Amino acid sequence: MPQHSIHAVTAVAAAAAAAALVGLTAFGPTPLPTPGSTASAPPARFVPGPCPKPPEPIEALSSARCGFLEVPENRSRPGSGRTIKLAVAVIPAVTPAKPAQDPVVFMAGGPGADTFDDIPFLVDSGLNKDRALIVMAQRGNLYDRPNLVCPEIDRFNAQSVGLGYDSKPAEQLMLKAVKECRDRLTADGTDLSAYNSTENAADFADLRKALGIPRWNVYGYSYGSGLALTYLRRHPEGIRAVAIDSIAPPPVMTLPWGWSSAQEGIRNIFEACAAQPACQSRYPDLPRTLTEQVRKLEAQPLTLNVPPPSGGKPVKVVLDGGALLNLIVAFTPRPKDLPAALDELSRGNPERFAQARAAGSVQKVGEFAHGLTQSVACSEWAPGYSESDVLSAGRKAFPGWPDTVLAQVPQLPFQYPACRIWKVPDRASVQRVATESAVPALVISGTFDVKTGASWAKDVARDLPHSTSVRIPGIGHWVVPQSPCAQRVLASFFARPTAPPDTGCVNGLEPHPFAIIPNPNPNPK
């Protein structure tokens, strides 16, 4: 029997097993090699197998059916023959009697975080109430083979809480960790250039075919929203509807962009406080307070010994201006507590921020795929800009702040030096493309999002003529799990994507009241 016929028979059997796995009554054609590939690159196939076993058990996995999607590592180099395995879980609908025949596939944020960790949030948000929920770890994630986890960077992150956020020792240690991770991965034969959004999108296209699913719905948040848009642009076949949450638009997703999103989210939080009489009276000038504290801490960092919130011995933490800003961007403390925490800090009590900084000393070593983060950031977000562009964007967002703070991208310090070590090709021209599509779409944003500013959603929606945009007041990054109203809107949309979703619950929504702490000096003279 010719070799290509063996592949065809194997793929048919895998597709049949996959169709049963998802619970569909029919399955599509046998998966074919990606266009432009050669016979040396086998078609993608799904292989059933056991579900991952996270350290903290995930209840939904007990009823899920799992396996691996086997795909070429680099579709642009089919002759290499190297394949990778991506972990997949199909979680059945809560309503088993007659679930919808179009499942929803999830595209996680990050990139690099463990996708399976998001399953409890998705289930609690009702994503699998009426239809199956499909979760696949993006290439390089923890349960993939190979994975691109970097324990070297995890250990640096734990150590970095005792260093200045933007200090030279922190930079040296981080770049050492990046190099060690890169050297280890490449020594194992990993092609770091193959871990990008184009390949990620192709993986999801292959997954639909390998599972024999005629049509499905897509839900992605943060990086996953940009991935969903890339997937819609490059592989529109079989997509019934797309919902994106906390939007990271590919055309503007660059390193300097992080500053505008941080500024927008923080401004919205402060304006919401000013709109609440009790908050406005107690914390009358939050922008000035934040600026003063960033300047003060950057000039004179605090060094403290603080126990992590999870308990244990006190650890040394350094709280400087860069650390303060990045704790806010990381939602520690939560937005409702931010005015109170800043007020306490201004009065000499840094406890909330110091404890949040200490939390970073406890890392889940070897679980985060920093290698995927680096490959995406360095090939898609960094090219075409420089450190001076980051600084200019920071100065525009926060005039008067110290340059040492503004020189680092929020959440991604020392990224340009790291990219010079990581050495992956420039993919900006391939990735920074707007998605235009008539597929029904739902665009969800939270006004308190300091990572992906809510205002950017309008540009994405403009290119999606059958889209509905929803802004949820007082919610930060990844809206749906935090907002029952957003959950209802999403359910309405997936039920009938060609009809306007029920957005009635959004009307009249307001941010929750901010925490008000007693004023220790109520009648200053």
# chains A, B, ... in the order shown; residues from 1 in each chain; ligands from 1
>>> residues_around(residues="segment 245-250 of chain A", least_positions_apart="6", cutoff="7 Å", atoms="only C-alpha atoms", output="list in words")
Gly220, Tyr221, Ser222, Tyr223, Ser225, Gly226, Gln431, Arg432, Val433, Ala434, Val443, Ile444, Ser445, Gly446, Thr452, Ala457, Val460, His477, Trp478 and Val479 of chain A
>>> write_last_selection(atoms="N, CA, C and O atoms", output="tab-separated table (two decimals), in the first residue's frame")
chain	number	residue	atom	x	y	z
A	220	GLY	N	-12.13	34.07	22.55
A	220	GLY	CA	-10.76	34.32	22.97
A	220	GLY	C	-10.65	35.61	23.75
A	220	GLY	O	-11.42	36.55	23.52
A	221	TYR	N	-9.71	35.65	24.67
A	221	TYR	CA	-9.51	36.88	25.43
A	221	TYR	C	-8.03	37.27	25.44
A	221	TYR	O	-7.15	36.42	25.31
A	222	SER	N	-7.77	38.58	25.58
A	222	SER	CA	-6.42	39.13	25.65
A	222	SER	C	-5.62	38.68	24.42
A	222	SER	O	-6.05	38.91	23.29
A	223	TYR	N	-4.45	38.06	24.61
A	223	TYR	CA	-3.73	37.57	23.43
A	223	TYR	C	-4.63	36.67	22.59
A	223	TYR	O	-4.57	36.69	21.36
A	225	SER	N	-7.69	37.03	22.00
A	225	SER	CA	-8.58	37.82	21.13
A	225	SER	C	-7.87	38.15	19.82
A	225	SER	O	-8.46	38.07	18.74
A	226	GLY	N	-6.60	38.53	19.92
A	226	GLY	CA	-5.83	38.78	18.70
A	226	GLY	C	-5.62	37.51	17.90
A	226	GLY	O	-5.65	37.53	16.66
A	431	GLN	N	1.75	39.69	10.74
A	431	GLN	CA	0.81	39.65	11.85
A	431	GLN	C	0.01	40.94	12.03
A	431	GLN	O	-1.15	40.90	12.43
A	432	ARG	N	0.61	42.09	11.78
A	432	ARG	CA	-0.07	43.37	12.05
A	432	ARG	C	-1.01	43.73	10.90
A	432	ARG	O	-0.82	44.72	10.19
A	433	VAL	N	-2.03	42.92	10.75
A	433	VAL	CA	-3.00	43.08	9.67
A	433	VAL	C	-4.39	43.09	10.28
A	433	VAL	O	-4.72	42.25	11.13
A	434	ALA	N	-5.21	44.03	9.86
A	434	ALA	CA	-6.59	44.10	10.35
A	434	ALA	C	-7.40	42.94	9.80
A	434	ALA	O	-7.16	42.47	8.68
A	443	VAL	N	-17.78	41.87	20.64
A	443	VAL	CA	-16.55	42.51	21.10
A	443	VAL	C	-16.81	43.04	22.52
A	443	VAL	O	-17.62	43.95	22.71
A	444	ILE	N	-16.12	42.47	23.50
A	444	ILE	CA	-16.38	42.77	24.91
A	444	ILE	C	-15.16	43.44	25.52
A	444	ILE	O	-14.04	42.95	25.39
A	445	SER	N	-15.39	44.55	26.23
A	445	SER	CA	-14.30	45.26	26.89
A	445	SER	C	-14.72	45.67	28.29
A	445	SER	O	-15.91	45.85	28.56
A	446	GLY	N	-13.74	45.83	29.16
A	446	GLY	CA	-13.98	46.33	30.51
A	446	GLY	C	-13.32	47.68	30.68
A	446	GLY	O	-12.16	47.87	30.29
A	452	THR	N	-5.26	45.90	28.23
A	452	THR	CA	-5.74	46.09	26.86
A	452	THR	C	-6.87	47.12	26.92
A	452	THR	O	-8.02	46.77	27.22
A	457	ALA	N	-11.27	48.63	21.17
A	457	ALA	CA	-12.25	47.71	20.61
A	457	ALA	C	-12.97	48.32	19.42
A	457	ALA	O	-13.37	47.61	18.48
A	460	VAL	N	-11.44	47.58	16.03
A	460	VAL	CA	-11.66	46.20	15.60
A	460	VAL	C	-13.09	46.03	15.09
A	460	VAL	O	-13.32	45.45	14.03
A	477	HIS	N	-9.38	43.32	33.27
A	477	HIS	CA	-8.95	42.40	32.23
A	477	HIS	C	-9.67	41.06	32.35
A	477	HIS	O	-9.82	40.53	33.44
A	478	TRP	N	-10.07	40.51	31.21
A	478	TRP	CA	-10.85	39.28	31.06
A	478	TRP	C	-12.20	39.46	31.72
A	478	TRP	O	-12.45	39.10	32.85
A	479	VAL	N	-13.12	40.01	30.95
A	479	VAL	CA	-14.38	40.52	31.47
A	479	VAL	C	-15.37	39.42	31.84
A	479	VAL	O	-15.98	39.45	32.91
>>> select_by_dssp(residues="segment 9-217 of chain A", states="strand (DSSP E)", output="PyMOL selection string")
chain A and resi 45-49+65-72+83-91+100-107+131-136+216-217
>>> write_last_selection(atoms="N, CA and C atoms", output="compact mmCIF listing (two decimals), in the first residue's frame")
# COMPACT_ATOMS: atom_id res chain seq x y z
N ARG A 45 -3.46 15.33 12.88
CA ARG A 45 -4.40 14.29 13.31
C ARG A 45 -4.61 14.40 14.81
N PHE A 46 -5.79 13.96 15.23
CA PHE A 46 -6.11 13.95 16.65
C PHE A 46 -5.96 12.53 17.18
N VAL A 47 -5.26 12.40 18.30
CA VAL A 47 -5.03 11.09 18.92
C VAL A 47 -5.61 11.12 20.33
N PRO A 48 -6.69 10.37 20.59
CA PRO A 48 -7.25 10.36 21.95
C PRO A 48 -6.23 9.89 22.98
N GLY A 49 -6.37 10.40 24.18
CA GLY A 49 -5.45 10.04 25.25
C GLY A 49 -5.97 10.55 26.58
N ARG A 65 -13.14 14.43 27.56
CA ARG A 65 -12.41 13.48 26.73
C ARG A 65 -11.24 14.23 26.13
N CYS A 66 -10.09 13.65 26.22
CA CYS A 66 -8.86 14.39 25.93
C CYS A 66 -8.00 13.66 24.91
N GLY A 67 -6.90 14.29 24.57
CA GLY A 67 -5.95 13.72 23.64
C GLY A 67 -4.98 14.77 23.17
N PHE A 68 -4.33 14.48 22.06
CA PHE A 68 -3.35 15.40 21.49
C PHE A 68 -3.66 15.63 20.01
N LEU A 69 -3.47 16.89 19.60
CA LEU A 69 -3.46 17.21 18.17
C LEU A 69 -2.01 17.18 17.73
N GLU A 70 -1.70 16.34 16.77
CA GLU A 70 -0.34 16.25 16.23
C GLU A 70 -0.27 17.10 14.97
N VAL A 71 0.65 18.07 14.97
CA VAL A 71 0.81 18.99 13.84
C VAL A 71 2.29 19.18 13.54
N PRO A 72 2.61 19.64 12.32
CA PRO A 72 4.01 19.99 12.04
C PRO A 72 4.46 21.14 12.96
N THR A 83 7.24 16.98 14.28
CA THR A 83 5.87 17.26 14.70
C THR A 83 5.84 17.55 16.19
N ILE A 84 4.76 18.21 16.61
CA ILE A 84 4.55 18.52 18.02
C ILE A 84 3.14 18.05 18.39
N LYS A 85 2.91 17.88 19.69
CA LYS A 85 1.62 17.41 20.18
C LYS A 85 1.03 18.47 21.11
N LEU A 86 -0.21 18.86 20.81
CA LEU A 86 -0.90 19.90 21.56
C LEU A 86 -2.04 19.28 22.37
N ALA A 87 -2.05 19.55 23.67
CA ALA A 87 -3.03 18.95 24.56
C ALA A 87 -4.42 19.52 24.30
N VAL A 88 -5.42 18.64 24.22
CA VAL A 88 -6.80 19.02 23.91
C VAL A 88 -7.73 18.38 24.93
N ALA A 89 -8.74 19.13 25.34
CA ALA A 89 -9.81 18.59 26.18
C ALA A 89 -11.15 19.02 25.61
N VAL A 90 -12.07 18.08 25.50
CA VAL A 90 -13.44 18.36 25.08
C VAL A 90 -14.34 18.15 26.29
N ILE A 91 -14.90 19.24 26.78
CA ILE A 91 -15.72 19.22 27.99
C ILE A 91 -17.18 19.21 27.56
N ALA A 100 -26.20 21.80 21.64
CA ALA A 100 -25.99 22.39 20.32
C ALA A 100 -24.87 21.65 19.60
N GLN A 101 -25.01 21.52 18.30
CA GLN A 101 -24.04 20.77 17.51
C GLN A 101 -22.81 21.61 17.13
N ASP A 102 -22.82 22.90 17.50
CA ASP A 102 -21.66 23.75 17.21
C ASP A 102 -20.98 24.10 18.53
N PRO A 103 -19.89 23.40 18.87
CA PRO A 103 -19.19 23.68 20.13
C PRO A 103 -18.52 25.04 20.11
N VAL A 104 -17.99 25.41 21.25
CA VAL A 104 -17.20 26.64 21.33
C VAL A 104 -15.77 26.26 21.65
N VAL A 105 -14.82 26.84 20.91
CA VAL A 105 -13.41 26.60 21.15
C VAL A 105 -12.82 27.85 21.80
N PHE A 106 -11.95 27.63 22.77
CA PHE A 106 -11.40 28.70 23.58
C PHE A 106 -9.97 29.00 23.19
N MET A 107 -9.64 30.30 23.09
CA MET A 107 -8.28 30.75 22.81
C MET A 107 -7.82 31.61 23.98
N ARG A 131 -23.50 23.71 25.00
CA ARG A 131 -22.70 23.15 23.93
C ARG A 131 -21.36 22.71 24.51
N ALA A 132 -20.68 21.82 23.80
CA ALA A 132 -19.37 21.36 24.26
C ALA A 132 -18.37 22.51 24.23
N LEU A 133 -17.44 22.46 25.14
CA LEU A 133 -16.35 23.43 25.23
C LEU A 133 -15.05 22.72 24.89
N ILE A 134 -14.34 23.26 23.92
CA ILE A 134 -13.08 22.66 23.49
C ILE A 134 -11.93 23.57 23.90
N VAL A 135 -10.98 22.99 24.60
CA VAL A 135 -9.82 23.74 25.07
C VAL A 135 -8.57 23.07 24.50
N MET A 136 -7.74 23.86 23.84
CA MET A 136 -6.46 23.35 23.36
C MET A 136 -5.34 24.25 23.85
N TRP A 216 -18.00 25.71 14.26
CA TRP A 216 -17.88 25.95 15.69
C TRP A 216 -17.83 27.44 15.97
N ASN A 217 -17.91 27.77 17.24
CA ASN A 217 -17.83 29.15 17.71
C ASN A 217 -16.47 29.36 18.36
>>> atom_distance(atom1="atom CA of Leu325 of chain A", atom2="atom CA of Gln293 of chain A")
9.8 Å
>>> select_by_dssp(residues="segment 227-351 of chain A", states="alpha helix (DSSP H)", output="ChimeraX atom specification")
/A:227-234,257-274,277-282,286-299,321-329,338-346,351
>>> closest_residue(among="A:Phe270, A:Met174, A:Cys51, A:Lys179", to="Phe116 of chain A", atoms="only C-alpha atoms")
A:Cys51
>>> residues_around(residues="segment 331-346 of chain A", least_positions_apart="6", cutoff="7 Å", atoms="only C-alpha atoms", output="ChimeraX atom specification")
/A:269,283,286,290,293,352,356,514-517
>>> write_last_selection(atoms="N, CA and C atoms", output="compact mmCIF listing (two decimals), in the first residue's frame")
# COMPACT_ATOMS: atom_id res chain seq x y z
N ILE A 269 -10.27 54.22 36.10
CA ILE A 269 -10.47 53.89 37.51
C ILE A 269 -10.57 55.17 38.34
N TYR A 283 -10.75 60.64 48.52
CA TYR A 283 -9.50 60.58 47.71
C TYR A 283 -9.62 61.61 46.59
N LEU A 286 -6.45 61.58 42.94
CA LEU A 286 -5.70 60.34 42.77
C LEU A 286 -4.60 60.43 41.71
N LEU A 290 -0.81 59.34 42.70
CA LEU A 290 -0.03 58.30 42.02
C LEU A 290 1.28 58.85 41.50
N GLN A 293 3.76 59.38 44.30
CA GLN A 293 4.31 58.15 44.87
C GLN A 293 5.26 57.45 43.91
N ARG A 352 -0.08 47.18 51.63
CA ARG A 352 -0.80 46.48 50.55
C ARG A 352 0.09 46.22 49.35
N ALA A 356 1.70 42.62 47.98
CA ALA A 356 1.49 42.22 46.59
C ALA A 356 2.82 41.94 45.90
N PHE A 514 -16.11 52.02 45.60
CA PHE A 514 -14.71 51.84 46.00
C PHE A 514 -14.62 51.71 47.51
N ALA A 515 -13.59 51.03 47.96
CA ALA A 515 -13.37 50.88 49.39
C ALA A 515 -13.00 52.23 50.01
N ILE A 516 -13.66 52.57 51.07
CA ILE A 516 -13.40 53.83 51.77
C ILE A 516 -12.84 53.50 53.15
N ILE A 517 -11.65 53.97 53.43
CA ILE A 517 -11.04 53.75 54.74
C ILE A 517 -11.10 55.06 55.53
>>> closest_residue(among="A:Gln482, A:Thr186, A:Gln408, A:Ser386", to="Phe448 of chain A", atoms="only C-alpha atoms")
A:Gln482
>>> residues_around(residues="Val242 of chain A", least_positions_apart="4", cutoff="7 Å", atoms="only C-alpha atoms", output="PyMOL selection string")
chain A and resi 217-219+440-442
>>> closest_residue(among="A:Asn196, A:Thr291, A:Ser429, A:Thr373", to="Gly322 of chain A", atoms="only C-alpha atoms")
A:Thr291
>>> atom_distance(atom1="atom CA of Leu229 of chain A", atom2="atom CA of Ile421 of chain A")
29.1 Å
